[in-house]
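S.K.: Below you'll find the structure I mean.
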Amino acid sequence: MFHPVTGIDHCVALTQDLDSTAEKYRAMGFRLSPRGTHSKAKGSANYTIMFPQDYFELLGFLAETEVNAPRREMLATMGEGLHAISCRIENANAAENSLADLGIKTQELNSFSRPVQRSDGSENVASFSTLTFSPSEVPFGSVFMCQHKTPEVVWMPELLDHPNGACGLDAVLAISDTPEQDALAFARLWANGTVTESDGCFSVATGPNSAALMLFTAENLAKLFPDANLETTAQGAFAGIRIKTSDSERLKTFLSKSQIPYSVSSDGVYLCPQNASGVLLEFV
């Protein structure tokens, strides 16, 4: 049977104060898109941090609506941080049917659009269809699928060059009490989902040219990032992301000049979640 999910498209961080968080990330050396405002029913807005193959979304709420009530509840009870993974699909309607054939439950098939401002002052419209994996299929956090109907509007060339040298998602980092069991459950969500283990980390490969999902116990993740207060991540969701950088010296120079505190990890450098609106950020 055909499995329609081919990788990780983007990650979503929920934040209490969207514009304040955007300023933090600009100071870290990310080039953010202009703020996108969603429909009145959604009552939300976002900034995106674009890379050639994927991206990272900062999402906040402008008004309390029935549609955004579940995510506002998540933010209130679980805290700021990385709440969702969005997966790559070609067609949301076809994905719903194919996943049903595989016995994988989904819900909330939606289509929507939002205006996108360009640096020259012009405006385009980005259109999407999304489909969510049922909570029973997902060990923790939220995982949904996104069909980009207008990718050229989202992946604008002027957004891809980041002063800190960031150039892609390498992995999503997560804390689990049962990492092997949860990794196997997550792996079902991707066509090429396979699990490997190394030094207590259970890594889910999600597809070609796609970030992995790496699961650790809290103790093991704390050993890798001793300066990080993991209690400030989204509790019960995802802990952070590992980001590819094209030039580690460029990154360190930028952070030092901007007086952004960073720590050294075994593979690169990291910014603590307590300084990044609940998201652990490792650069490799």
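Following the order of the structure tokens, first chain is A, next is B, and so on, with residues numbered from 1 inside each chain and ligands from 1 in the order they appear.
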Any chance you could tabulate, as JSON lines, the residues of stretch 131-163 of chain A at most 7 Å from stretch 102-125 of chain A with each one's nearest atom pair and distance in Å to one decimal, using only C-alpha atoms, in chain and rising number order?
M.R.:
```
{"residue": "A:Leu131", "atom": "CA", "partner": "A:Leu109", "partner_atom": "CA", "distance": 4.5}
{"residue": "A:Thr132", "atom": "CA", "partner": "A:Gln107", "partner_atom": "CA", "distance": 5.3}
{"residue": "A:Phe133", "atom": "CA", "partner": "A:Thr106", "partner_atom": "CA", "distance": 4.3}
{"residue": "A:Ser134", "atom": "CA", "partner": "A:Thr106", "partner_atom": "CA", "distance": 4.7}
{"residue": "A:Glu137", "atom": "CA", "partner": "A:Lys105", "partner_atom": "CA", "distance": 6.7}
{"residue": "A:Val153", "atom": "CA", "partner": "A:Asn124", "partner_atom": "CA", "distance": 6.7}
```
S.K.: Can you build me a table of stretch 69-102 of chain A residues sitting at most 10 Å from stretch 174-192 of chain A, with the closest atom pair per residue and its distance in Å to one decimal, using only C-alpha atoms, sorted by chain and residue number, as a Markdown table?
M.R.:
```
| residue | atom | partner | partner_atom | distance |
| --- | --- | --- | --- | --- |
| A:Leu82 | CA | A:Ala174 | CA | 9.5 |
| A:Cys87 | CA | A:Trp190 | CA | 8.3 |
| A:Arg88 | CA | A:Trp190 | CA | 9.2 |
| A:Leu99 | CA | A:Leu189 | CA | 9.0 |
| A:Leu102 | CA | A:Arg188 | CA | 9.8 |
```
S.K.: I'd like to know which of A:Asp161, A:Glu219, A:Asp170, A:Glu57 is closest to A:Cys201, using only C-alpha atoms.
M.R.: A:Glu219
S.K.: So which bits of stretch 17-160 of chain A end up strand (DSSP E) when you DSSP the backbone, as a VMD selection string?
M.R.: chain A and resid 36 to 37 44 to 50 55 to 61 81 to 88 106 to 117 123 to 133 142 to 148
S.K.: Could you pull the residues within 6 Å of A:His10, counting only C-alpha atoms, minus those fewer than 3 positions along the same chain, as a list in words?
M.R.: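 Near A:His10, the qualifying residues are Asp54, Tyr55, Phe56 and Ser86 of chain A.
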S.K.: Taking 3 positions as the minimum chain separation for residues in the same chain, which residues sit within 9 Å of A:Asp227 when counting only C-alpha atoms? Answer as a PyMOL selection string.
M.R.: chain A and resi 222+263+271-272
S.K.: For A:Thr196, which of A:Asn46, A:Leu215, A:Ala22, A:Asn209 is the closest residue, counting only C-alpha atoms?
M.R.: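 Nearest to A:Thr196: A:Leu215.
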S.K.: Between A:Leu14, A:Val284, A:Ala218, A:Ala45, which residue has the minimum interatomic distance to A:Gly81, considering only C-alpha atoms?
M.R.: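 Residue with the minimum atom-to-atom distance to A:Gly81: A:Leu14.
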S.K.: Of the residues A:Val143, A:Ala92, A:Leu18, A:Met214, which is the one nearest to A:Ser129, using only C-alpha atoms?
M.R.: A:Ala92
S.K.: Contacts of A:Asn91 at 10 Å or less, counting only C-alpha atoms, minus same-chain residues fewer than 2 places along, as a list of chain:residue names?
M.R.: A:Pro4, A:Val5, A:Arg88, A:Ile89, A:Asn93, A:Ala94, A:Ala95, A:Glu96, A:Phe128, A:Ser129, A:Thr130, A:Leu131, A:Met145, A:Cys146, A:Gln147, A:His148, A:Lys149
S.K.: Okay, now the selection with C-alpha atoms, as an mmCIF file, in the first residue's frame?
M.R.:
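Listed below is the output, again.cif:
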```cif
data_model
loop_
_atom_site.group_PDB
_atom_site.id
_atom_site.type_symbol
_atom_site.label_atom_id
_atom_site.label_comp_id
_atom_site.auth_asym_id
_atom_site.auth_seq_id
_atom_site.Cartn_x
_atom_site.Cartn_y
_atom_site.Cartn_z
ATOM 1 C CA PRO A 4 1.977 9.350 1.380
ATOM 2 C CA VAL A 5 4.142 10.957 4.105
ATOM 3 C CA ARG A 88 5.396 16.500 3.832
ATOM 4 C CA ILE A 89 2.570 15.297 1.608
ATOM 5 C CA ASN A 93 -7.254 14.366 0.274
ATOM 6 C CA ALA A 94 -5.248 11.511 -1.215
ATOM 7 C CA ALA A 95 -3.196 11.234 1.980
ATOM 8 C CA GLU A 96 -6.343 10.858 4.067
ATOM 9 C CA PHE A 128 -2.427 25.120 2.123
ATOM 10 C CA SER A 129 -4.367 21.989 2.985
ATOM 11 C CA THR A 130 -3.614 20.241 6.261
ATOM 12 C CA LEU A 131 -4.495 16.888 7.766
ATOM 13 C CA MET A 145 0.568 17.007 7.426
ATOM 14 C CA CYS A 146 0.785 20.011 5.122
ATOM 15 C CA GLN A 147 0.133 20.263 1.398
ATOM 16 C CA HIS A 148 1.712 23.397 -0.042
ATOM 17 C CA LYS A 149 -0.403 24.631 -2.951
#
```
